[in-house]
Protein chains: 2
Amino acid sequence: MGTRERIVEAAYRCFSQKGYLGATTREIARLAGVSEVTLFRYFKSKRELFEKVLKKFSVIPDIERISAESSLPPEEKLRKVAKEILLSLKGKRNFIRILLSEVSLYEEEIAEIYEKFIERLDSIVAQILKTDKETARLFHSSLFGYFLSEEIFLRREINEKEAKEVINKLVEIFTGCRSEKNC
Amino acid sequence: MGTRERIVEAAYRCFSQKGYLGATTREIARLAGVSEVTLFRYFKSKRELFEKVLKKFSVIPDIERISAESSLPPEEKLRKVAKEILLSLKGKRNFIRILLSEVSLYEEEIAEIYEKFIERLDSIVAQILKTDKETARLFHSSLFGYFLSEEIFLRREINEKEAKEVINKLVEIFTGCRSEKNC
DNA sequence: TCCTTAAGTAAGTACTTACTTGCATTATTA
DNA sequence: TAATAATGCAAGTAAGTACTTACTTAAGGA
């Protein structure tokens, strides 16, 4: 891994633990195993480094693929999409912490990232559920709220069993359709 | 309003806009119309002031009252509870911003505040819905997620009409019961 | 062998921040 | 009116922080 990458990686960890203001360039450099001078040779400011971190880690999960598998019944699709979303949220837990902690400092950037994210989800979920976008938004807001509650606020990891149960329940509630059978 | 209160009030506004580290004691004092020296006469440190702010604004909405009105049909109760929760979230939007922005710095304090909050909600909603606590948690996670999405991330205010629609939809989804009629 | 590139070290600059001290001033109260 | 309490002002301290400069070292390729 190149020096540049190592710095971004370290910054990512540092920002997600301490927030933008709390993280110091000195510690980021130390974590990257690099001198502070080197850090500033690669990035002209802390803010620039922060922006690189945002860009690198704000990848949106690939749910189009799932929704395209037309052979599946809608509930099954929805379950898969939900699983993918939840997994992706879990994988980016630290990144989400950064977003949350800087929500007041970087309003526009964060709103933009988030908007892209939910726009895609909205339309895909709406298509699967064959309902309006409002219901679709409620569906993934529910997932999102559940994830934030458990993993961010309560600091509890959602295990696979719980995830499955919650997803089944959500899908059941939103489709009016029980467990694994088609309706 | 006494000096002490004015300081806490100003700190509240300042913290919610800039986060704990971003807010300076100088600005808080200025906002309170008080000298910085006075601020430190009342609170021995910035952290102590922050803790007072947390305590003062972490009041939980009074939903027991609603759930006790036994005359109402459960869907109606649920709607009222949801409305109360959403209103309370909206009213404390700034406070929630503080919580979010310091989620990494004050893990235990925030987890504690949040835990109290959802524990009560869980049991009340479960009682009304007559289901398990998991479903109840999903119900208010949905509300919570929706609120965070719109008001915190997208910076859009949820107006009364939207709130009503979302609540109706949620109640409908979770009870399998349409609009304002009993089922 | 010489030159270029990537990195480190040491030191420092300019600025901010939480927090303090000493003294003067104003308002309150006895 | 005299004493007491609450506040402001000016100035300062100690520590931290982003960022810079000047110089050195090590490695690899031509």
# chains A, B, ... in the order shown; residues from 1 in each chain; ligands from 1
$ residues_around --residues "range 12-25 of chain D" --least-positions-apart "4" --cutoff "9 Å" --atoms "only C-alpha atoms (C1' of nucleotides)" --output "list in words"
Thr24, Thr25, Arg26, Val37, Phe40, Lys44, Ser45 and Lys46 of chain A; DA7, DG8, DT9, DA11, DG12, DT13, DC15, DT16, DT17, DC19, DT20 and DT21 of chain C
$ select_by_dssp --residues "range 38-79 of chain A" --states "helix (DSSP H, G or I)" --output "VMD selection string"
chain A and resid 38 to 42 46 to 57 64 to 68 74 to 79
$ interface_residues --of "chain B" --to "chain A" --cutoff "10 Å" --atoms "only C-alpha atoms" --output "number ranges by chain"
B: 15-22, 97-105, 107-108, 110-115, 118, 134-135, 137-150, 152-155, 162, 165-166, 169-170, 172-176
$ interface_residues --of "chain A" --to "chain C" --cutoff "12 Å" --atoms "only C-alpha atoms (C1' of nucleotides)" --output "mmCIF file with N, CA and C atoms, in the first residue's frame"
data_model
loop_
_atom_site.group_PDB
_atom_site.id
_atom_site.type_symbol
_atom_site.label_atom_id
_atom_site.label_comp_id
_atom_site.auth_asym_id
_atom_site.auth_seq_id
_atom_site.Cartn_x
_atom_site.Cartn_y
_atom_site.Cartn_z
ATOM 1 N N GLY A 2 0.595 2.152 -0.919
ATOM 2 C CA GLY A 2 1.403 3.365 -1.046
ATOM 3 C C GLY A 2 1.216 4.309 0.136
ATOM 4 N N THR A 3 2.139 5.239 0.232
ATOM 5 C CA THR A 3 2.109 6.188 1.350
ATOM 6 C C THR A 3 0.803 6.979 1.369
ATOM 7 N N ARG A 4 0.433 7.466 0.217
ATOM 8 C CA ARG A 4 -0.795 8.256 0.105
ATOM 9 C C ARG A 4 -1.995 7.503 0.660
ATOM 10 N N GLY A 33 2.239 5.789 10.141
ATOM 11 C CA GLY A 33 3.650 5.433 10.170
ATOM 12 C C GLY A 33 4.466 6.344 9.282
ATOM 13 N N VAL A 34 4.174 7.622 9.373
ATOM 14 C CA VAL A 34 4.720 8.598 8.445
ATOM 15 C C VAL A 34 4.930 9.898 9.222
ATOM 16 N N SER A 35 5.883 10.724 8.805
ATOM 17 C CA SER A 35 6.065 11.976 9.527
ATOM 18 C C SER A 35 4.996 12.989 9.118
ATOM 19 N N GLU A 36 4.755 13.940 10.005
ATOM 20 C CA GLU A 36 3.713 14.925 9.729
ATOM 21 C C GLU A 36 4.057 15.725 8.468
ATOM 22 N N VAL A 37 5.333 15.976 8.281
ATOM 23 C CA VAL A 37 5.753 16.713 7.097
ATOM 24 C C VAL A 37 5.327 15.976 5.828
ATOM 25 N N THR A 38 5.515 14.685 5.842
ATOM 26 C CA THR A 38 5.116 13.886 4.684
ATOM 27 C C THR A 38 3.626 14.023 4.416
ATOM 28 N N LEU A 39 2.855 13.971 5.500
ATOM 29 C CA LEU A 39 1.403 14.143 5.350
ATOM 30 C C LEU A 39 1.094 15.427 4.591
ATOM 31 N N ARG A 41 3.029 16.989 2.648
ATOM 32 C CA ARG A 41 3.543 16.969 1.282
ATOM 33 C C ARG A 41 2.498 16.371 0.350
ATOM 34 N N TYR A 42 1.712 15.420 0.889
ATOM 35 C CA TYR A 42 0.700 14.763 0.058
ATOM 36 C C TYR A 42 -0.617 15.529 0.017
#
$ interface_residues --of "chain D" --to "chain B" --cutoff "10 Å" --atoms "only C-alpha atoms (C1' of nucleotides)" --output "list in words"
DA6, DT7, DG8 and DC9 of chain D
$ atom_distance --atom1 "CA of Lys90 in chain A" --atom2 "CA of Val125 in chain A"
19.5 Å
$ closest_residue --among "A:Val81, A:Val53, A:Ala32, A:Ile66" --to "Val171 in chain A" --atoms "only C-alpha atoms"
A:Val81
$ residues_around --residues "Lys55 in chain A" --least-positions-apart "4" --cutoff "12 Å" --atoms "only C-alpha atoms (C1' of nucleotides)" --output "list in words"
Val8, Tyr12, Glu48, Leu49, Phe50, Glu51, Val59, Ile60, Phe95, Leu99, Glu109, Ile110, Glu112 and Ile113 of chain A
$ atom_distance --atom1 "CA of Lys80 in chain B" --atom2 "CA of Ile96 in chain B"
21.8 Å
